[in-house]
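S.K.: Attaching a single structure in structure tokens format; questions to follow.
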Amino acid sequence: MADARTPQQAAAEQPSAASARPASPLPSAQPPLEARPPELSTPREVAGGVPAVLSSLQHAWHEMGPLRGTQLLLKVNQKHGFDCPGCAWPDPDAERSVAEFCENGAKAVAEEGTTARVTPDFFRQWSVEALSRQSDLWLGKQGRLTHPMVLREGATHYEPLSWDEAFALVASELNALGSADQACFYTSGRTSNEAAFLYQLFARQFGTNNLPDCSDLCHESSGTALGEVLGFGKGTVKLEDFEKAEAIFVIGQNPGTNHPRMLTSLQAAARRGCKIVSINPLPEAGLNRFKHPQELPELLGPGTALNRLWLQVRINGDVALLKGLGKALLELESSRPGQVVARDFIRERTTGFEAYVEGLRATSWDEVVEHSGVPREQLREAAELLADSERTIFCWAMGLTQHRNAVANIQEIANLALLRGGIGKPGAGLCPVRGHSNVQGDRTMGIVEKPAPAFLDALERELGFKPPREPGLDTVATIHAMHEGRVKVLFALGGNFLSATPDTERTAEALRRTRLTAHVSTKLNRSHLVHGRRALILPCLGRTERDVQAHGPQFVTVENSMGVVHTSRGAVPPASEHLLSEPDLVSRLARAVLGSRSQVDWKGLVEDYDRIRELIARTIPGFTDFNRRVREPGGFYLPNGPREGRFLTSDGKARFTVHPLPRVELGPGQLLMMTIRSHDQYNTTLYGLDDRYRGIHNGRRVVLMHPEDIRALGLSEGQPVDLTSHFQGETRVARHFRVVPYRIPRRCAATYFPETNVLVPLDDFAEKSRTPASKSVVISVAPSSEPVPPEAGR
Ligand code: SF4
């Protein structure tokens, strides 16, 4: 609910930790400290069940009321409803249940469907600096933004302005730039296909390929890795393949929190005897046992065991582990010749196998065990399971994609799949599990800084303009460019740029050096508070809301993690009459900025979104007859070469690759830290302060450490500590975290994102994909150098 207190009252009641920081006139880029330690309980062994049902209802009803809450939940992920604004896990192709959502989907819907509102009056009361001293949770809980708002140069408060004024302001800033490349156009993965297509078209007509997006921060490593070895940067399985798989490997992924409906597929697989192997540094309840919230007998019983085997890999020990599995498979092949290595498939369909085998032989078992932290016997057990499975699916998420060697991680998975001949047949293949609901679709629509020449050719042919051919900036490069003054305007279509990106203080400084930051948003977030010389908040419709344009009600489309394109239709009236849909907003932006320079009928395109889809069909492969096919219940699958047995590399063959063992040097007392998400969180959006499955409640500034490391460093449970990251002689500090003993490998640590993004160096990113290495941060942990201010907030 919106906070009725004045900033002065709030400051008196819940002053923030900013009072303990050196006096600074700048709004804080980081959330406030926490005075009290979190409460700890025993981590859960079972995911789902009654607590998930209660949590879903509590969030939905509290934010939206029982009537509206129920109305919206019954529409989420239905064939004629709206797409969940949470993750990109697919919906069943055939029948769907009446409640086709998970606990986190319910939270995501509640967050957007809330009845709380942030009005111009709110902004009159709260200065930007006062808002910045509130927590991220508090900011989000104030409700939906209702009006376009501007922060004028030197002003302390946002004030309302009309849409026309807002677009005129953006136009004046953009058109005053010396070059179009001095602007960047960021996209969040919630953006629909229609909005994304228009947005990239606008940016390219404006003259730049500077189209960074949130994929740069998560699965870019998957796209890069698969593009190199398969010629196709997406996964190769369908949801129905989970019904046929004999083994499923889940690597560097926590589906219980980040893609909870995946547990339904895993449960069904486990029940019919499919063997599930999880590879993860932390024991996650969602991979251990699951109680389906919609099955009454399950709710009362112990639930379904999922994991056949859990390999507790060290952080960034995955290349070693996957090489170990490869070595063990080769050993099994010598005792069962012709039964383990898919010789015909390898000979006819792949290249590089000999070098791969050579690479495995050159890596000793001692190295494999030391780097992975997993005993050889366990690796052998997992390899036997893999050898016995004719149909294996390999799933992964950001546990693999956010390391310097992330591309190698994923290509080592591809090596195993190829070794078993397991790509392009039912029940088998590769499954990068994407995060935000349309992050994959946005890339398909051309949100990319290095567009394929064929796509630019199609734009030129169909739209009669010359798109820029020079590569643009990705997210890391955008931050550098803002910092160096080369980019002066950041326009963000959704997202929370400051909190999603690494190196928080450096990114904040970069944003402050711009002339304009403009954010299209549904709710208040920290990126509105750390801004350029001028700043705009441009409020838009959410997924849950009806979108009516000149030709009547409209729907948008999205692409899920498995390449299904389908519709999303809002179900309730907009939170405010002043909101614009994202396609409409981009269209007006283009008209204001480009004027007569563009021959595109921007106005006509948004009168009826079918017209946008016609353009998509003419310019993007796989979308032929888009308007008809997307109206089929459940939508349609995009073409997928590898799934259909065709590798799209230059020689038509999949490639084995060879990678060295990654070396992360830890100095005395140093730990390797990964950032993780809590159960009350989706990306940068916080729904609460609990991480129920991990037994951490009412607090987020924690560092999960092995009990022996805690002892060795002379620390104790609950002690306030400062974390210092070390990278190329630079240090970064995050203050006042509490020590939490946890079942994590020695010399490893885990902390929540975005609180510890401040520790992630901007220049430490994956080779080739440039995804920040947020899961390989070298840190030291020391008792807090200053006492925790007793008045710090939560
Ligand atoms: S699994 Fe993902 S898409 Fe499905 S309901 Fe949950 S959060 Fe939404």
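Going by the structure tokens order, chains are called A, B, ..., each with residues numbered from 1, while ligands are numbered from 1 in the order shown.
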List every residue of stretch 225-411 of chain A that DSSP, applied to the backbone of this structure, assigns to helix (DSSP H, G or I), and report them as an NGL selection string.

M.R.: :A and (225-230 or 239-243 or 255-258 or 262-271 or 285-288 or 296-300 or 318-335 or 343-349 or 353-362 or 365-372 or 376-388 or 398-401 or 406-411)

S.K.: How would the residues just picked look written out with C-alpha atoms as a short mmCIF file (atom, residue, chain, number, x, y, z; two decimals), in the first residue's frame?

M.R.:
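Output contents, as saved in out.cif:
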data_model
loop_
_atom_site.label_atom_id
_atom_site.label_comp_id
_atom_site.auth_asym_id
_atom_site.auth_seq_id
_atom_site.Cartn_x
_atom_site.Cartn_y
_atom_site.Cartn_z
CA ALA A 225 27.87 -20.71 -26.94
CA LEU A 226 25.11 -22.50 -28.82
CA GLY A 227 25.43 -20.20 -31.82
CA GLU A 228 29.06 -21.27 -32.20
CA VAL A 229 28.54 -25.02 -31.87
CA LEU A 230 25.05 -25.55 -33.32
CA LEU A 239 8.01 -29.04 -23.08
CA GLU A 240 6.69 -32.38 -24.33
CA ASP A 241 10.27 -33.68 -24.47
CA PHE A 242 10.21 -33.68 -20.67
CA GLU A 243 7.54 -36.39 -20.95
CA PRO A 255 13.84 -23.92 -10.48
CA GLY A 256 11.96 -24.00 -7.16
CA THR A 257 12.41 -20.24 -6.91
CA ASN A 258 13.16 -19.02 -10.40
CA MET A 262 9.31 -26.49 -14.14
CA LEU A 263 8.92 -28.58 -10.96
CA THR A 264 5.62 -29.89 -12.34
CA SER A 265 7.47 -31.24 -15.39
CA LEU A 266 10.26 -32.63 -13.23
CA GLN A 267 7.74 -34.24 -10.88
CA ALA A 268 5.91 -35.95 -13.73
CA ALA A 269 9.25 -37.13 -15.11
CA ALA A 270 10.41 -38.46 -11.75
CA ARG A 271 7.13 -40.32 -11.24
CA ALA A 285 14.57 -27.55 -1.84
CA GLY A 286 13.04 -27.31 -5.30
CA LEU A 287 15.37 -29.97 -6.63
CA ASN A 288 15.02 -32.26 -3.66
CA LEU A 296 -4.57 -32.76 -2.53
CA PRO A 297 -3.01 -36.16 -1.72
CA GLU A 298 0.41 -34.64 -2.42
CA LEU A 299 -0.26 -31.76 -0.07
CA LEU A 300 -0.90 -34.17 2.78
CA ASP A 318 31.39 -26.85 -13.88
CA VAL A 319 33.92 -27.14 -16.71
CA ALA A 320 35.91 -29.60 -14.59
CA LEU A 321 32.78 -31.51 -13.63
CA LEU A 322 31.52 -31.75 -17.20
CA LYS A 323 34.94 -32.86 -18.39
CA GLY A 324 34.86 -35.47 -15.63
CA LEU A 325 31.55 -36.78 -16.95
CA GLY A 326 33.06 -36.90 -20.44
CA LYS A 327 36.07 -38.85 -19.15
CA ALA A 328 33.85 -41.27 -17.27
CA LEU A 329 31.73 -41.81 -20.39
CA LEU A 330 34.85 -42.66 -22.40
CA GLU A 331 35.87 -45.15 -19.70
CA LEU A 332 32.44 -46.73 -19.81
CA GLU A 333 32.71 -46.94 -23.58
CA SER A 334 35.85 -49.03 -23.25
CA SER A 335 33.97 -51.55 -21.12
CA ARG A 343 29.80 -43.18 -33.06
CA ASP A 344 27.56 -42.90 -36.15
CA PHE A 345 26.05 -39.61 -35.03
CA ILE A 346 29.47 -38.21 -34.24
CA ARG A 347 30.97 -39.33 -37.54
CA GLU A 348 28.13 -38.05 -39.71
CA ARG A 349 26.88 -35.01 -37.82
CA PHE A 353 35.53 -35.18 -31.65
CA GLU A 354 39.16 -36.33 -31.72
CA ALA A 355 40.38 -33.03 -30.29
CA TYR A 356 37.69 -33.23 -27.60
CA VAL A 357 38.81 -36.73 -26.60
CA GLU A 358 42.42 -35.55 -26.61
CA GLY A 359 41.43 -32.65 -24.35
CA LEU A 360 39.70 -35.00 -21.92
CA ARG A 361 42.76 -37.26 -21.80
CA ALA A 362 45.00 -34.28 -21.13
CA TRP A 365 41.19 -37.04 -12.71
CA ASP A 366 43.01 -35.28 -9.89
CA GLU A 367 42.43 -31.95 -11.62
CA VAL A 368 38.79 -32.80 -12.28
CA VAL A 369 38.14 -33.68 -8.65
CA GLU A 370 40.10 -30.76 -7.26
CA HIS A 371 38.45 -28.15 -9.51
CA SER A 372 34.92 -29.51 -9.34
CA ARG A 376 35.27 -39.36 -8.77
CA GLU A 377 32.80 -42.04 -7.63
CA GLN A 378 29.92 -39.57 -7.82
CA LEU A 379 30.99 -38.46 -11.27
CA ARG A 380 31.14 -42.08 -12.34
CA GLU A 381 27.63 -42.64 -10.95
CA ALA A 382 26.26 -39.67 -12.88
CA ALA A 383 28.07 -40.80 -16.05
CA GLU A 384 26.54 -44.29 -15.74
CA LEU A 385 23.14 -42.74 -15.48
CA LEU A 386 23.86 -40.67 -18.56
CA ALA A 387 25.20 -43.68 -20.44
CA ASP A 388 22.08 -45.67 -19.61
CA MET A 398 22.51 -18.40 -14.64
CA GLY A 399 24.65 -20.62 -12.43
CA LEU A 400 26.49 -21.34 -15.67
CA THR A 401 26.11 -18.16 -17.67
CA ALA A 406 30.49 -19.10 -19.15
CA VAL A 407 30.60 -19.87 -22.87
CA ALA A 408 32.95 -22.79 -22.14
CA ASN A 409 30.56 -24.06 -19.43
CA ILE A 410 27.72 -24.30 -21.91
CA GLN A 411 29.80 -25.72 -24.71
#

S.K.: Using only C-alpha atoms and all ligand atoms, which protein or nucleic acid residues are at most 8 Å from ligand 1, as a list of chain:residue names?

M.R.: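 Taking only C-alpha atoms and all ligand atoms into account, the residues around ligand 1 at most 8 Å away are A:Val76, A:Asn77, A:Asp83, A:Cys84, A:Pro85, A:Gly86, A:Cys87, A:Ala88, A:Trp89, A:Pro90, A:Asp91, A:Glu100, A:Phe101, A:Cys102, A:Glu103, A:Asn104, A:Gly105, A:Ala106, A:Ala108, A:Asn258, A:His259, A:Pro260, A:Arg261, A:Met262, A:Ser437.
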
S.K.: Using DSSP on the backbone, list every residue of stretch 368-569 of chain A that comes out as strand (DSSP E), and give them as a ChimeraX atom specification.

M.R.: /A:392-396,429-432,489-493,516-521,534-539,547-549,552-554,556-559,564-568

S.K.: So, counting only C-alpha atoms, which residue among A:Ala773, A:Ile479, A:Val565, A:Val781 is closest to A:Gln402?

M.R.: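 Result for the nearest residue to A:Gln402: A:Ala773.
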
S.K.: Applying 10 Å and only C-alpha atoms, which residues near A:Ile423 remain after dropping the ones on its own chain fewer than 4 positions away? List them as a PyMOL selection string.

M.R.: chain A and resi 230+236-237+345+391-393+414+417-419+427-430+642-647+654

S.K.: If you take only C-alpha atoms and a cut-off of 10 Å, which residues of stretch 561-597 of chain A touch stretch 170-186 of chain A, and what are their nearest atom pairs and distances in Å to one decimal, in chain and number order, as CSV?

M.R.:
residue,atom,partner,partner_atom,distance
A:Leu589,CA,A:Ala171,CA,7.6
A:Ala590,CA,A:Ala171,CA,8.7
A:Arg591,CA,A:Ala171,CA,9.2
A:Ala592,CA,A:Ala171,CA,5.9
A:Val593,CA,A:Ala171,CA,4.5
A:Leu594,CA,A:Ala171,CA,8.1
A:Gly595,CA,A:Ala171,CA,9.6

S.K.: Mind dumping the selected residues with C-alpha atoms as a PDB file, in the first residue's frame?

M.R.:
ATOM      1  CA  LEU A 589       8.345   8.606 -29.260  1.00  0.00           C
ATOM      2  CA  ALA A 590       9.286   7.835 -32.869  1.00  0.00           C
ATOM      3  CA  ARG A 591       6.896  10.456 -34.206  1.00  0.00           C
ATOM      4  CA  ALA A 592       8.233  13.102 -31.829  1.00  0.00           C
ATOM      5  CA  VAL A 593      11.890  12.320 -32.490  1.00  0.00           C
ATOM      6  CA  LEU A 594      11.941  11.383 -36.161  1.00  0.00           C
ATOM      7  CA  GLY A 595       9.138  13.569 -37.526  1.00  0.00           C
TER       8      GLY A 595
END

S.K.: Using only C-alpha atoms, can you tell me which of A:Ser41, A:Thr619, A:Gln728, A:Ser28 comes closest to A:Asp691?

M.R.: A:Ser41

S.K.: Please list as a list in words every residue within 7 Å of stretch 198-206 of chain A, counting only C-alpha atoms and excluding residues in the same chain fewer than 4 positions away.

M.R.: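 Here the qualifying residues turn out to be Ala180, Glu194, Gly446, Ile447, Pro467, Pro468, Pro583, Val586, Ala590 and Leu594 of chain A.
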
S.K.: For A:Thr350, which residue out of A:Thr115, A:Gln30, A:Asn415, A:Asn525 is the nearest one, using only C-alpha atoms?

M.R.: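 Nearest candidate to A:Thr350 out of A:Thr115, A:Gln30, A:Asn415, A:Asn525: A:Asn415.
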
S.K.: Need to verify the contact set: A:Gly113, 10 Å, only C-alpha atoms, exclusion of same-chain residues closer than 6 positions in sequence. Can you return it as a list in words?

M.R.: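 Here the answer would be Ala60, Glu63, Met64, Gly65, Arg68, Gly69, Leu72, Lys107, Gly143, Arg144, Gly542, Arg543, Thr544, Glu545, Val572, Pro574 and Ala575 of chain A.
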
S.K.: Can I get the residues of stretch 254-283 of chain A within 6 Å of stretch 305-311 of chain A, each with the closest pair of atoms and their distance in Å to one decimal, using only C-alpha atoms, sorted chain first then ascending number, as JSON lines?

M.R.:
{"residue": "A:Ala270", "atom": "CA", "partner": "A:Leu306", "partner_atom": "CA", "distance": 5.8}
{"residue": "A:Lys275", "atom": "CA", "partner": "A:Arg308", "partner_atom": "CA", "distance": 5.7}
{"residue": "A:Ile276", "atom": "CA", "partner": "A:Asn307", "partner_atom": "CA", "distance": 5.1}
{"residue": "A:Val277", "atom": "CA", "partner": "A:Leu309", "partner_atom": "CA", "distance": 4.8}
{"residue": "A:Ser278", "atom": "CA", "partner": "A:Trp310", "partner_atom": "CA", "distance": 4.8}
{"residue": "A:Ile279", "atom": "CA", "partner": "A:Leu311", "partner_atom": "CA", "distance": 4.8}

S.K.: With a distance cut-off of 10 Å and only C-alpha atoms, select the neighbouring residues of A:Asp442, excluding the residue or stretch itself and same-chain residues fewer than 4 positions from it, and output the selection as JSON, numbers by chain.

M.R.: {"A": [187, 188, 189, 190, 191, 192, 193, 194, 195, 196, 197, 200, 213, 214, 215, 437, 438, 446, 447, 448, 558, 559]}

S.K.: Next, write the just-selected residues to a file, as a compact mmCIF listing (two decimals), in the first residue's frame, keeping all heavy atoms as the atom set.

M.R.:
# COMPACT_ATOMS: atom_id res chain seq x y z
N THR A 187 16.43 -2.39 -23.22
CA THR A 187 15.13 -3.10 -23.19
C THR A 187 15.13 -4.12 -22.07
O THR A 187 16.12 -4.85 -21.89
CB THR A 187 14.91 -3.88 -24.52
OG1 THR A 187 15.18 -3.01 -25.60
CG2 THR A 187 13.49 -4.39 -24.61
N SER A 188 14.01 -4.22 -21.37
CA SER A 188 13.86 -5.29 -20.37
C SER A 188 13.14 -6.46 -21.03
O SER A 188 12.42 -6.29 -22.02
CB SER A 188 13.06 -4.78 -19.17
OG SER A 188 11.85 -5.48 -19.04
N GLY A 189 13.30 -7.64 -20.45
CA GLY A 189 12.73 -8.85 -21.03
C GLY A 189 11.24 -8.98 -20.87
O GLY A 189 10.66 -10.00 -21.26
N ARG A 190 10.57 -7.99 -20.31
CA ARG A 190 9.11 -8.05 -20.22
C ARG A 190 8.45 -7.49 -21.49
O ARG A 190 7.29 -7.75 -21.78
CB ARG A 190 8.64 -7.25 -18.99
CG ARG A 190 7.16 -7.37 -18.68
CD ARG A 190 6.65 -6.18 -17.89
NE ARG A 190 6.95 -4.94 -18.59
CZ ARG A 190 6.95 -3.75 -18.03
NH1 ARG A 190 6.71 -3.62 -16.75
NH2 ARG A 190 7.21 -2.66 -18.73
N THR A 191 9.22 -6.70 -22.23
CA THR A 191 8.69 -6.01 -23.40
C THR A 191 8.12 -7.00 -24.42
O THR A 191 8.75 -8.00 -24.74
CB THR A 191 9.83 -5.19 -24.03
OG1 THR A 191 10.34 -4.32 -23.04
CG2 THR A 191 9.37 -4.40 -25.22
N SER A 192 6.95 -6.70 -24.93
CA SER A 192 6.31 -7.61 -25.89
C SER A 192 7.04 -7.60 -27.23
O SER A 192 7.83 -6.69 -27.52
CB SER A 192 4.85 -7.16 -26.12
OG SER A 192 4.86 -5.92 -26.81
N ASN A 193 6.74 -8.58 -28.07
CA ASN A 193 7.34 -8.62 -29.41
C ASN A 193 7.00 -7.36 -30.19
O ASN A 193 7.86 -6.79 -30.88
CB ASN A 193 6.81 -9.83 -30.19
CG ASN A 193 7.39 -11.13 -29.68
OD1 ASN A 193 8.48 -11.14 -29.12
ND2 ASN A 193 6.66 -12.21 -29.87
N GLU A 194 5.74 -6.92 -30.10
CA GLU A 194 5.30 -5.78 -30.90
C GLU A 194 6.06 -4.52 -30.49
O GLU A 194 6.55 -3.76 -31.34
CB GLU A 194 3.79 -5.58 -30.76
CG GLU A 194 2.94 -6.63 -31.45
CD GLU A 194 2.93 -7.99 -30.74
OE1 GLU A 194 3.45 -8.06 -29.60
OE2 GLU A 194 2.41 -8.97 -31.30
N ALA A 195 6.15 -4.30 -29.16
CA ALA A 195 6.86 -3.10 -28.69
C ALA A 195 8.34 -3.19 -29.04
O ALA A 195 8.95 -2.20 -29.45
CB ALA A 195 6.67 -2.96 -27.18
N ALA A 196 8.91 -4.39 -28.88
CA ALA A 196 10.35 -4.55 -29.14
C ALA A 196 10.65 -4.30 -30.62
O ALA A 196 11.65 -3.64 -30.96
CB ALA A 196 10.80 -5.95 -28.74
N PHE A 197 9.79 -4.81 -31.48
CA PHE A 197 10.04 -4.61 -32.91
C PHE A 197 10.01 -3.12 -33.25
O PHE A 197 10.88 -2.59 -33.95
CB PHE A 197 9.02 -5.39 -33.75
CG PHE A 197 9.27 -5.25 -35.22
CD1 PHE A 197 10.21 -6.06 -35.86
CD2 PHE A 197 8.61 -4.29 -35.97
CE1 PHE A 197 10.48 -5.90 -37.21
CE2 PHE A 197 8.88 -4.12 -37.32
CZ PHE A 197 9.81 -4.93 -37.95
N GLN A 200 13.24 -1.30 -31.79
CA GLN A 200 14.49 -1.43 -32.54
C GLN A 200 14.39 -0.69 -33.86
O GLN A 200 15.37 -0.13 -34.34
CB GLN A 200 14.87 -2.91 -32.72
CG GLN A 200 13.92 -3.77 -33.53
CD GLN A 200 14.04 -3.61 -35.03
OE1 GLN A 200 15.13 -3.33 -35.52
NE2 GLN A 200 12.93 -3.74 -35.74
N ASP A 213 20.40 -4.87 -23.69
CA ASP A 213 19.18 -5.38 -23.05
C ASP A 213 19.54 -6.31 -21.91
O ASP A 213 20.72 -6.58 -21.66
CB ASP A 213 18.27 -6.09 -24.06
CG ASP A 213 18.73 -7.48 -24.40
OD1 ASP A 213 19.94 -7.74 -24.28
OD2 ASP A 213 17.90 -8.30 -24.80
N CYS A 214 18.50 -6.78 -21.21
CA CYS A 214 18.78 -7.56 -20.01
C CYS A 214 19.35 -8.93 -20.34
O CYS A 214 19.94 -9.57 -19.49
CB CYS A 214 17.56 -7.64 -19.11
SG CYS A 214 16.20 -8.54 -19.83
N SER A 215 19.19 -9.37 -21.58
CA SER A 215 19.80 -10.63 -21.96
C SER A 215 21.32 -10.56 -21.85
O SER A 215 21.98 -11.56 -21.57
CB SER A 215 19.40 -10.98 -23.41
OG SER A 215 19.97 -12.20 -23.80
N SER A 437 10.13 -13.02 -18.96
CA SER A 437 9.13 -13.69 -19.77
C SER A 437 9.28 -13.52 -21.28
O SER A 437 8.89 -14.40 -22.02
CB SER A 437 7.75 -13.20 -19.34
OG SER A 437 7.75 -11.79 -19.34
N ASN A 438 9.82 -12.42 -21.76
CA ASN A 438 10.00 -12.31 -23.22
C ASN A 438 11.43 -11.95 -23.60
O ASN A 438 11.67 -11.36 -24.65
CB ASN A 438 9.02 -11.30 -23.83
CG ASN A 438 8.91 -11.51 -25.34
OD1 ASN A 438 8.91 -12.64 -25.82
ND2 ASN A 438 8.83 -10.42 -26.11
N GLY A 446 14.98 -8.38 -32.85
CA GLY A 446 16.05 -7.48 -33.30
C GLY A 446 16.61 -6.58 -32.22
O GLY A 446 17.34 -5.63 -32.52
N ILE A 447 16.28 -6.87 -30.95
CA ILE A 447 16.91 -6.12 -29.86
C ILE A 447 18.29 -6.72 -29.65
O ILE A 447 18.49 -7.65 -28.87
CB ILE A 447 16.06 -6.21 -28.56
CG1 ILE A 447 14.66 -5.66 -28.78
CG2 ILE A 447 16.79 -5.50 -27.42
CD1 ILE A 447 14.58 -4.18 -29.01
N VAL A 448 19.25 -6.21 -30.37
CA VAL A 448 20.61 -6.74 -30.31
C VAL A 448 21.54 -5.68 -30.88
O VAL A 448 21.17 -4.96 -31.81
CB VAL A 448 20.70 -8.08 -31.08
CG1 VAL A 448 20.36 -7.91 -32.55
CG2 VAL A 448 22.06 -8.73 -30.92
N VAL A 558 4.37 -12.88 -27.18
CA VAL A 558 5.66 -13.12 -26.52
C VAL A 558 6.19 -14.48 -27.00
O VAL A 558 5.43 -15.28 -27.54
CB VAL A 558 5.52 -13.14 -24.99
CG1 VAL A 558 5.18 -11.78 -24.43
CG2 VAL A 558 4.48 -14.16 -24.54
N GLU A 559 7.48 -14.71 -26.75
CA GLU A 559 8.11 -16.00 -27.10
C GLU A 559 8.66 -16.61 -25.81
O GLU A 559 9.42 -15.96 -25.10
CB GLU A 559 9.25 -15.77 -28.10
CG GLU A 559 10.03 -17.05 -28.44
CD GLU A 559 11.25 -16.77 -29.32
OE1 GLU A 559 11.30 -15.70 -29.99
OE2 GLU A 559 12.16 -17.60 -29.31

S.K.: When you count only C-alpha atoms, which of these residues is closest to A:Glu582: A:His519, A:Arg629, A:Lys775, A:His531?

M.R.: A:His519

S.K.: Rounded to one decimal in Å, what is the spacing between atom CA of A:Phe636 and atom CA of A:Val109?

M.R.: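 Those two atoms sit 24.5 Å apart.
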
S.K.: Can you tell me which residues surround stretch 155-166 of chain A at a distance of at most 7 Å, considering only C-alpha atoms, apart from same-chain residues fewer than 3 positions away, and format the answer as a ChimeraX atom specification?

M.R.: /A:120,123-124,126-128,147-152,169-170

S.K.: Just checking: using only C-alpha atoms, which residue out of A:Cys395, A:Val50, A:Val250, A:Leu689 ends up closest to A:Gly303?

M.R.: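 With only C-alpha atoms as the atom set, the closest residue is A:Val50.
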
S.K.: Given the choices A:Gly635, A:Pro553, A:Pro432, A:Pro539, which gets closest to A:His578 if the distance is worked out from only C-alpha atoms?

M.R.: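 Of A:Gly635, A:Pro553, A:Pro432, A:Pro539, the one nearest A:His578 is A:Pro539, counting only C-alpha atoms.
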
S.K.: What gap, in Å, lies between atom CA of A:Ala749 and atom CA of A:Ala500?

M.R.: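 Atom-to-atom, atom CA of A:Ala749 to atom CA of A:Ala500, that is 20.2 Å.
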